[in-house]
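File shown: data.tsv. Contents: TSV, C-alpha atoms.
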```
chain	number	residue	atom	x	y	z
D	634	MET	CA	0.00	0.00	0.00
D	635	MET	CA	1.28	3.46	-0.90
D	636	ARG	CA	-0.01	6.91	-0.07
D	637	SER	CA	0.60	10.40	-1.42
D	638	PRO	CA	-0.92	13.58	0.05
D	639	HIS	CA	-4.20	13.27	-1.89
D	640	ALA	CA	-4.25	9.67	-3.14
D	641	TRP	CA	-3.63	6.12	-2.02
D	642	ALA	CA	-3.21	2.83	-3.86
D	643	ILE	CA	-2.93	-0.84	-3.06
D	644	ALA	CA	-1.59	-3.67	-5.22
D	645	CYS	CA	-2.20	-7.38	-4.59
D	646	ARG	CA	-0.79	-10.29	-6.54
D	647	LYS	CA	-3.34	-12.99	-7.31
D	648	PRO	CA	-2.41	-16.70	-7.30
D	649	SER	CA	-2.61	-16.46	-11.11
D	650	GLY	CA	0.28	-13.98	-11.05
D	651	GLU	CA	-1.79	-10.99	-12.13
D	652	ILE	CA	-1.49	-7.79	-10.05
D	653	ALA	CA	-4.82	-6.33	-8.94
D	654	THR	CA	-4.72	-2.64	-8.05
D	655	MET	CA	-7.04	-0.05	-6.60
D	656	CYS	CA	-6.44	3.67	-6.37
D	657	GLU	CA	-8.64	6.31	-4.75
D	658	PRO	CA	-8.36	10.04	-4.05
D	659	LEU	CA	-7.94	11.20	-0.47
D	660	GLU	CA	-9.10	14.32	1.26
D	661	ARG	CA	-6.79	15.99	3.76
D	662	PRO	CA	-8.96	17.13	6.68
D	663	SER	CA	-6.20	19.51	7.82
D	664	GLU	CA	-6.65	21.52	4.61
D	665	LYS	CA	-10.27	22.20	5.53
D	666	HIS	CA	-9.84	22.40	9.29
D	667	LYS	CA	-6.61	24.14	10.26
D	668	TRP	CA	-6.71	22.85	13.85
D	669	MET	CA	-6.27	19.31	12.54
D	670	GLY	CA	-2.81	20.35	11.37
D	671	TRP	CA	-1.67	21.55	14.77
D	672	PRO	CA	1.31	19.73	16.32
D	673	ILE	CA	0.34	16.60	18.28
D	674	VAL	CA	-3.23	16.84	16.95
D	675	ARG	CA	-1.99	16.05	13.44
D	676	GLY	CA	-0.29	12.93	14.77
D	677	VAL	CA	-3.55	11.64	16.24
D	678	MET	CA	-5.40	12.46	13.02
D	679	THR	CA	-2.71	10.74	10.94
D	680	LEU	CA	-2.94	7.62	13.10
D	681	GLY	CA	-6.72	7.50	12.76
D	682	TYR	CA	-6.46	8.04	9.01
D	683	ALA	CA	-3.86	5.28	8.72
D	684	MET	CA	-6.11	2.86	10.60
D	685	ASN	CA	-8.98	3.70	8.26
D	686	LEU	CA	-6.81	3.07	5.19
D	687	GLY	CA	-5.57	-0.17	6.75
D	688	TYR	CA	-9.14	-1.35	7.14
D	689	ARG	CA	-9.94	-0.47	3.51
D	690	ALA	CA	-6.77	-2.20	2.32
D	691	LEU	CA	-7.70	-5.37	4.24
D	692	ARG	CA	-11.16	-5.26	2.73
D	693	PHE	CA	-9.80	-4.88	-0.80
D	694	SER	CA	-7.25	-7.68	-0.44
D	695	ALA	CA	-9.93	-9.98	1.00
D	696	ASN	CA	-12.25	-9.19	-1.89
D	697	VAL	CA	-9.47	-9.88	-4.41
D	698	ALA	CA	-8.82	-13.28	-2.82
D	699	ILE	CA	-12.53	-14.13	-2.75
D	700	GLU	CA	-13.05	-13.02	-6.35
D	701	ASP	CA	-10.12	-15.13	-7.49
D	702	VAL	CA	-11.58	-18.20	-5.77
D	703	MET	CA	-15.01	-17.47	-7.26
D	704	GLN	CA	-13.57	-17.16	-10.77
D	705	GLU	CA	-11.71	-20.45	-10.36
D	706	GLU	CA	-14.87	-22.19	-9.20
D	707	HIS	CA	-16.84	-20.68	-12.08
D	708	SER	CA	-14.28	-21.81	-14.66
D	709	GLN	CA	-14.33	-25.37	-13.27
D	710	ALA	CA	-18.12	-25.61	-12.91
D	711	PRO	CA	-20.11	-27.47	-15.62
D	712	THR	CA	-21.86	-25.23	-18.13
D	713	PRO	CA	-25.52	-24.80	-17.09
D	714	ALA	CA	-28.30	-25.66	-19.48
D	715	LEU	CA	-29.32	-22.04	-19.72
D	716	ALA	CA	-25.89	-20.48	-19.93
D	717	THR	CA	-25.61	-16.73	-20.28
D	718	ALA	CA	-23.72	-15.01	-23.05
D	719	ASN	CA	-19.91	-15.21	-22.94
D	720	ASN	CA	-20.11	-17.74	-20.09
D	721	ALA	CA	-21.06	-14.96	-17.65
D	722	PRO	CA	-21.69	-15.87	-14.00
D	723	THR	CA	-25.15	-17.14	-13.18
D	724	PRO	CA	-27.38	-15.12	-10.82
D	725	THR	CA	-26.57	-17.61	-8.06
D	726	GLN	CA	-22.82	-17.11	-8.56
D	727	VAL	CA	-23.24	-13.34	-8.53
D	728	ALA	CA	-25.26	-13.56	-5.31
D	729	ASN	CA	-22.61	-15.80	-3.73
D	730	ARG	CA	-19.85	-13.37	-4.71
D	731	GLU	CA	-21.71	-10.42	-3.22
D	732	LYS	CA	-22.37	-12.39	-0.06
D	733	ALA	CA	-18.70	-13.36	0.20
D	734	ALA	CA	-17.66	-9.72	-0.29
D	735	THR	CA	-20.01	-8.66	2.50
D	736	ILE	CA	-18.52	-11.30	4.77
D	737	SER	CA	-15.02	-10.02	3.96
D	738	ASN	CA	-16.09	-6.51	5.05
D	739	TRP	CA	-17.24	-7.88	8.39
D	740	LEU	CA	-14.05	-9.91	8.77
D	741	ALA	CA	-11.91	-6.83	8.14
D	742	ALA	CA	-13.89	-4.81	10.71
D	743	VAL	CA	-13.68	-7.62	13.28
D	744	ASN	CA	-9.93	-7.87	12.63
D	745	ILE	CA	-9.47	-4.17	13.49
D	746	VAL	CA	-11.50	-4.49	16.70
D	747	ILE	CA	-9.65	-7.62	17.79
D	748	SER	CA	-6.30	-6.01	17.03
D	749	LEU	CA	-7.10	-2.97	19.19
D	750	ALA	CA	-8.37	-5.17	22.01
D	751	PHE	CA	-5.26	-7.34	21.78
D	752	PHE	CA	-2.99	-4.28	21.87
D	753	ILE	CA	-4.66	-2.89	24.99
D	754	PHE	CA	-4.72	-6.25	26.75
D	755	MET	CA	-1.18	-7.32	25.85
D	756	TYR	CA	0.66	-4.00	26.14
D	757	LYS	CA	-1.37	-2.11	28.73
D	758	TYR	CA	-3.15	-4.58	31.01
D	759	ILE	CA	-0.62	-7.42	31.33
D	760	PRO	CA	2.50	-5.25	31.97
D	761	LEU	CA	0.61	-3.18	34.53
D	762	LEU	CA	-0.71	-6.32	36.23
D	763	ALA	CA	2.77	-7.88	36.31
D	764	ALA	CA	4.35	-4.71	37.74
D	765	THR	CA	1.60	-4.49	40.36
D	766	GLU	CA	2.18	-8.09	41.45
D	767	LEU	CA	5.93	-7.46	41.69
D	768	LYS	CA	5.23	-4.41	43.85
D	769	LYS	CA	3.20	-6.60	46.22
D	770	MET	CA	6.17	-8.97	46.53
D	771	ASP	CA	8.61	-6.11	47.15
D	772	PRO	CA	7.12	-2.74	48.25
D	773	ALA	CA	10.41	-1.05	47.32
D	774	LEU	CA	9.35	-1.46	43.68
D	775	GLY	CA	6.28	0.72	44.27
D	776	GLY	CA	7.99	4.08	43.69
D	777	ARG	CA	6.60	5.99	40.73
D	778	ILE	CA	9.84	5.89	38.72
D	779	ILE	CA	10.89	2.31	39.41
D	780	PHE	CA	7.33	1.01	39.03
D	781	ASN	CA	6.92	2.58	35.59
D	782	LEU	CA	10.39	1.46	34.51
D	783	ILE	CA	9.43	-2.13	35.36
D	784	ASP	CA	6.07	-1.71	33.64
D	785	GLY	CA	7.79	-0.32	30.54
D	786	ALA	CA	10.45	-3.04	30.49
D	787	ILE	CA	7.79	-5.76	30.63
D	788	ARG	CA	5.82	-4.04	27.87
D	789	LEU	CA	8.89	-3.79	25.63
D	790	LEU	CA	9.82	-7.41	26.30
D	791	LEU	CA	6.32	-8.62	25.37
D	792	PHE	CA	6.33	-6.47	22.25
D	793	LEU	CA	9.72	-7.73	21.06
D	794	LEU	CA	8.86	-11.36	21.81
D	795	PHE	CA	5.61	-11.06	19.89
D	796	ILE	CA	7.22	-9.40	16.86
D	797	TRP	CA	10.00	-11.98	16.80
D	798	GLY	CA	7.66	-14.93	17.42
D	799	VAL	CA	5.27	-14.15	14.58
D	800	SER	CA	8.23	-13.55	12.26
D	801	LEU	CA	8.87	-17.31	12.44
D	802	TRP	CA	5.59	-18.01	10.64
D	803	LYS	CA	5.94	-18.45	6.91
D	804	ASP	CA	2.97	-16.23	6.04
D	805	ILE	CA	4.10	-13.41	8.34
D	806	ARG	CA	7.61	-13.61	6.92
D	807	ARG	CA	6.05	-13.03	3.51
D	808	VAL	CA	4.24	-10.00	4.90
D	809	TYR	CA	7.57	-8.69	6.20
D	810	GLN	CA	9.04	-9.15	2.71
D	811	TYR	CA	6.28	-6.98	1.24
D	812	HIS	CA	7.01	-4.51	4.02
D	813	GLY	CA	10.62	-4.41	2.89
D	814	ALA	CA	9.50	-3.96	-0.72
D	815	GLU	CA	7.51	-0.87	0.29
D	816	HIS	CA	10.54	0.65	2.02
D	817	LYS	CA	12.88	-0.03	-0.87
D	818	THR	CA	10.43	1.50	-3.35
D	819	VAL	CA	9.94	4.60	-1.20
D	820	PHE	CA	13.72	5.05	-0.93
D	821	ALA	CA	14.09	4.79	-4.72
D	822	PHE	CA	11.33	7.33	-5.29
D	823	GLU	CA	12.67	9.79	-2.71
D	824	ASN	CA	16.13	9.60	-4.27
D	825	GLY	CA	14.79	10.24	-7.76
D	826	ASP	CA	15.69	6.85	-9.18
D	827	PRO	CA	13.57	5.14	-11.84
D	828	LEU	CA	10.87	2.91	-10.38
D	829	ASP	CA	12.10	-0.36	-11.80
D	830	ILE	CA	13.10	-3.55	-10.04
D	831	PRO	CA	16.93	-3.16	-10.28
D	832	SER	CA	16.80	0.43	-8.97
D	833	VAL	CA	14.46	-0.46	-6.12
D	834	GLN	CA	16.28	-3.61	-5.00
D	835	LYS	CA	19.56	-1.81	-4.35
D	836	TYR	CA	18.10	0.09	-1.38
D	837	SER	CA	17.84	-0.81	2.29
D	838	THR	CA	14.66	-2.17	3.83
D	839	TYR	CA	15.11	0.07	6.91
D	840	HIS	CA	13.21	3.37	6.64
D	841	PRO	CA	13.02	6.00	9.43
D	842	ARG	CA	9.33	6.85	8.88
D	843	CYS	CA	8.14	3.27	9.23
D	844	GLY	CA	5.13	2.35	11.35
D	845	THR	CA	7.38	-0.02	13.28
D	846	SER	CA	9.53	2.94	14.34
D	847	PHE	CA	6.35	4.70	15.39
D	848	LEU	CA	5.26	1.80	17.60
D	849	MET	CA	8.66	1.52	19.23
D	850	THR	CA	8.75	5.28	19.87
D	851	VAL	CA	5.29	5.08	21.44
D	852	MET	CA	6.52	2.28	23.72
D	853	LEU	CA	9.51	4.32	24.89
D	854	ILE	CA	7.76	7.69	25.22
D	855	SER	CA	4.92	6.13	27.20
D	856	ILE	CA	7.32	5.18	30.01
D	857	GLY	CA	8.13	8.85	30.63
D	858	PHE	CA	4.49	9.88	30.37
D	859	TYR	CA	3.32	7.33	32.92
D	860	MET	CA	5.92	8.53	35.41
D	861	LEU	CA	4.07	11.85	35.50
D	862	ILE	CA	0.76	10.27	36.48
D	863	PRO	CA	0.20	10.37	40.27
D	864	PHE	CA	-2.36	7.53	40.39
D	865	THR	CA	-1.49	4.57	42.59
D	866	THR	CA	-4.46	2.20	42.22
D	867	PHE	CA	-4.46	-0.46	39.50
D	868	TRP	CA	-7.63	0.59	37.65
D	869	ALA	CA	-6.82	4.31	37.80
D	870	ARG	CA	-3.44	3.59	36.26
D	871	PHE	CA	-4.99	1.33	33.63
D	872	ALA	CA	-7.61	3.95	32.71
D	873	SER	CA	-4.92	6.64	32.43
D	874	ARG	CA	-2.97	4.47	30.01
D	875	ILE	CA	-5.99	4.24	27.73
D	876	VAL	CA	-6.82	7.95	27.97
D	877	LEU	CA	-3.22	9.01	27.28
D	878	LEU	CA	-2.85	6.87	24.15
D	879	PRO	CA	-3.84	9.66	21.69
D	880	ILE	CA	-1.51	12.18	23.37
D	881	ILE	CA	1.42	9.77	23.42
D	882	ALA	CA	0.77	8.89	19.77
D	883	GLY	CA	0.70	12.59	18.84
D	884	VAL	CA	3.97	13.33	20.64
D	885	SER	CA	5.62	10.25	19.10
D	886	TYR	CA	4.55	11.40	15.64
D	887	GLU	CA	6.17	14.79	16.20
D	888	ILE	CA	9.42	13.19	17.39
D	889	ILE	CA	9.62	10.92	14.34
D	890	ARG	CA	8.73	13.83	12.04
D	891	PHE	CA	11.49	15.97	13.56
D	892	ALA	CA	14.02	13.12	13.58
D	893	ALA	CA	13.44	12.46	9.87
D	894	LYS	CA	14.48	16.04	9.11
D	895	HIS	CA	17.32	16.26	11.64
D	896	ARG	CA	19.19	12.97	11.44
D	897	GLY	CA	21.96	14.06	13.82
D	898	SER	CA	19.71	15.29	16.63
D	899	LEU	CA	18.97	13.73	20.02
D	900	PHE	CA	15.46	12.93	18.80
D	901	ALA	CA	16.96	10.93	15.95
D	902	MET	CA	18.76	8.83	18.55
D	903	MET	CA	15.41	8.19	20.25
D	904	THR	CA	14.00	6.74	17.02
D	905	ALA	CA	17.04	4.49	16.47
D	906	PRO	CA	15.48	1.50	18.30
D	907	GLY	CA	12.66	1.57	15.74
D	908	LEU	CA	15.21	1.17	12.95
D	909	TRP	CA	16.84	-1.70	14.82
D	910	LEU	CA	13.44	-3.39	15.14
D	911	GLN	CA	13.05	-3.30	11.37
D	912	ARG	CA	15.72	-6.00	11.21
D	913	ILE	CA	12.82	-8.23	12.27
D	914	THR	CA	9.80	-6.56	10.65
D	915	THR	CA	11.31	-6.12	7.19
D	916	LYS	CA	12.87	-8.79	5.00
D	917	SER	CA	14.51	-8.61	1.61
D	918	PRO	CA	11.74	-8.96	-1.00
D	919	SER	CA	11.68	-10.96	-4.19
D	920	ASP	CA	11.49	-9.17	-7.54
D	921	ASP	CA	7.78	-10.04	-7.79
D	922	GLN	CA	7.13	-8.43	-4.43
D	923	ALA	CA	9.09	-5.33	-5.39
D	924	GLN	CA	7.00	-5.15	-8.57
D	925	CYS	CA	3.84	-5.04	-6.45
D	926	ALA	CA	5.16	-2.13	-4.40
D	927	ILE	CA	6.18	-0.28	-7.58
D	928	ALA	CA	2.71	-0.80	-9.08
D	929	ALA	CA	1.05	0.65	-5.96
D	930	LEU	CA	3.32	3.70	-5.89
D	931	ASP	CA	2.89	4.31	-9.64
D	932	LYS	CA	-0.89	4.29	-9.22
D	933	ALA	CA	-0.85	6.63	-6.23
D	934	MET	CA	1.46	9.13	-7.92
D	935	ALA	CA	-0.46	9.02	-11.20
D	936	LEU	CA	-3.67	9.97	-9.39
D	937	GLU	CA	-1.86	12.61	-7.34
D	938	LYS	CA	-0.53	14.14	-10.56
D	939	GLU	CA	-4.03	14.21	-12.08
D	940	GLN	CA	-5.23	16.19	-9.08
D	941	GLY	CA	-2.33	18.62	-9.32
D	942	GLY	CA	-0.91	17.65	-5.96
D	943	GLU	CA	2.68	17.39	-4.76
D	944	LEU	CA	4.37	14.15	-5.79
D	945	VAL	CA	5.68	13.08	-2.40
D	946	ILE	CA	5.15	10.16	-0.06
D	947	ALA	CA	2.63	11.02	2.66
```

Can you dump the structure from the file as structure tokens?
Amino acid sequence: MMRSPHAWAIACRKPSGEIATMCEPLERPSEKHKWMGWPIVRGVMTLGYAMNLGYRALRFSANVAIEDVMQEEHSQAPTPALATANNAPTPTQVANREKAATISNWLAAVNIVISLAFFIFMYKYIPLLAATELKKMDPALGGRIIFNLIDGAIRLLLFLLFIWGVSLWKDIRRVYQYHGAEHKTVFAFENGDPLDIPSVQKYSTYHPRCGTSFLMTVMLISIGFYMLIPFTTFWARFASRIVLLPIIAGVSYEIIRFAAKHRGSLFAMMTAPGLWLQRITTKSPSDDQAQCAIAALDKAMALEKEQGGELVIA
């Protein structure tokens, strides 16, 4: 998936080898509502927008997979007695396809909800519970600084173990390869190289504006934020972690934004762990995977150009 300021595109490779693409224009709310472009606020808005695009991308990829299966079943099915012209799908097949597409929409929505619930449970509830239990065993660990350091260390450990663990799955490793293909393609575009496979493949898979860097920055920044919260009861602390999520996300966005422009600054050092983490979350892609990323970026930039926008990666 690729995004420019006013367009986005997604490319999926079907089992047949064909690349299916979709490209749509995007509105920038901050251009209509200036307050949405304020520092910190724009980070929250960007995160919400990214989640929305992620949902739409999941829905499109699911529909592509379902349509491919439907077409295969249609081609293998015996010709009905009352066949339509050009071997078109029967009304029953059309109804089944529409039903399957509807199911895919629900599956994508459920996936987003489950992902959010998993994030809160795994990286907010469990670390806080573990730190609280450790405090009961040793009251000396109950100080605000030490307690939140322990909480943060447990959260980071769980996060790293999860990222590493899922990377061992074959399907997830393939996802990480596509992730690397996106980064390589963005590097080639930003350096003005032609968007072809040889030019793209020569670049690194580690990019400073990656979502992985964002997550790692959120994890680190949150430790400092939680040290400022005076609550001492479990549920008050847990509630504060949920409430502060948008603020922490907004601050993390600003740090990454600043670090990308000032590579030698202290803030750039804070984002370094995110780049290290990409050694797990990105893998070297195949030429076919790089071709998918190129197709998505070409589509996004073509639509951006039609709208007279700036040809940059959003």

If you count only C-alpha atoms, which residues fall within 7 Å of Cys645 in chain D, apart from same-chain ones fewer than 4 positions away, as an MDAnalysis selection string? chainID D and resid 652:654 694 925

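Distances here use all atoms listed in the file; by that measure, the residue among D:Ile745, D:Ala928, D:Ala893, D:Leu791 closest to Met635 in chain D is D:Ala928.
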
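Interatomic distance, CA of Leu861 in chain D against CA of Phe780 in chain D: 11.9 Å.
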
Write out as a ChimeraX atom specification which residues come within 12 Å of Pro831 in chain D when counting all atoms listed in the file, dropping same-chain ones fewer than 3 positions away. /D:817-818,821,826-828,834-836,919-921,923-924,927

Suppose we keep C-alpha atoms; can you now write the selection as a JSON list (two decimals), keeping the file's coordinate frame?
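The resulting file, out_31.json, is reproduced below:
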```json
[["chain", "number", "residue", "atom", "x", "y", "z"],
["D", 817, "LYS", "CA", 12.88, -0.03, -0.87],
["D", 818, "THR", "CA", 10.43, 1.50, -3.35],
["D", 821, "ALA", "CA", 14.09, 4.79, -4.72],
["D", 826, "ASP", "CA", 15.69, 6.85, -9.18],
["D", 827, "PRO", "CA", 13.57, 5.14, -11.84],
["D", 828, "LEU", "CA", 10.87, 2.91, -10.38],
["D", 834, "GLN", "CA", 16.28, -3.61, -5.00],
["D", 835, "LYS", "CA", 19.56, -1.81, -4.35],
["D", 836, "TYR", "CA", 18.10, 0.09, -1.38],
["D", 919, "SER", "CA", 11.68, -10.96, -4.19],
["D", 920, "ASP", "CA", 11.49, -9.17, -7.54],
["D", 921, "ASP", "CA", 7.78, -10.04, -7.79],
["D", 923, "ALA", "CA", 9.09, -5.33, -5.39],
["D", 924, "GLN", "CA", 7.00, -5.15, -8.57],
["D", 927, "ILE", "CA", 6.18, -0.28, -7.58]]
```

Ranking D:Leu848, D:Leu680, D:Ala926, D:Leu761 by minimum distance to Leu908 in chain D and counting only C-alpha atoms, which one comes first? D:Leu848

Thr914 in chain D: which residues within 9 Å, counting only C-alpha atoms, same-chain residues fewer than 6 positions away excluded, as a PyMOL selection string? chain D and resi 796-797+800+806+808-810+812-813+845

I'd like the interatomic distance between CA of Tyr688 in chain D and CA of Trp641 in chain D, to a tenth of an Å. 13.0 Å

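The space separating CA of Pro658 in chain D from CA of Arg636 in chain D comes to 9.8 Å.
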
Kindly indicate which residue among D:Met655, D:Ile778, D:Ala764, D:Leu794 lies nearest to Phe871 in chain D, using all atoms listed in the file for the distances. D:Ala764

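Using only C-alpha atoms, the protein and nucleic acid residues lying no more than 10 Å from Leu782 in chain D, apart from those fewer than 5 places from it along its own chain, are Ala764, Leu774, Gly776, Arg777, Ile787, Arg788, Ile856, Gly857, Tyr859 and Met860 of chain D.
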
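Closest approach to Gly687 in chain D among D:Ile643, D:Tyr756, D:Thr765, D:Ser837 is made by D:Ile643 (distances from all atoms listed in the file).
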
Around the point (7.9, 15.0, 16.7) (coordinates from the file), which residues reach within 12 Å if we count only C-alpha atoms? Answer as a ChimeraX atom specification. /D:671-677,842,847,850-851,854,880-895,898-901,903-904

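Distances to Ile862 in chain D were evaluated for D:Ile913, D:Asn744, D:Asn781, D:Asp931 using all atoms listed in the file, and the minimum falls at D:Asn781.
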
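Ranking D:Phe822, D:His639, D:Phe864, D:Gly785 by their shortest atom-to-atom distance to Ala763 in chain D, with all atoms listed in the file included, puts D:Gly785 first.
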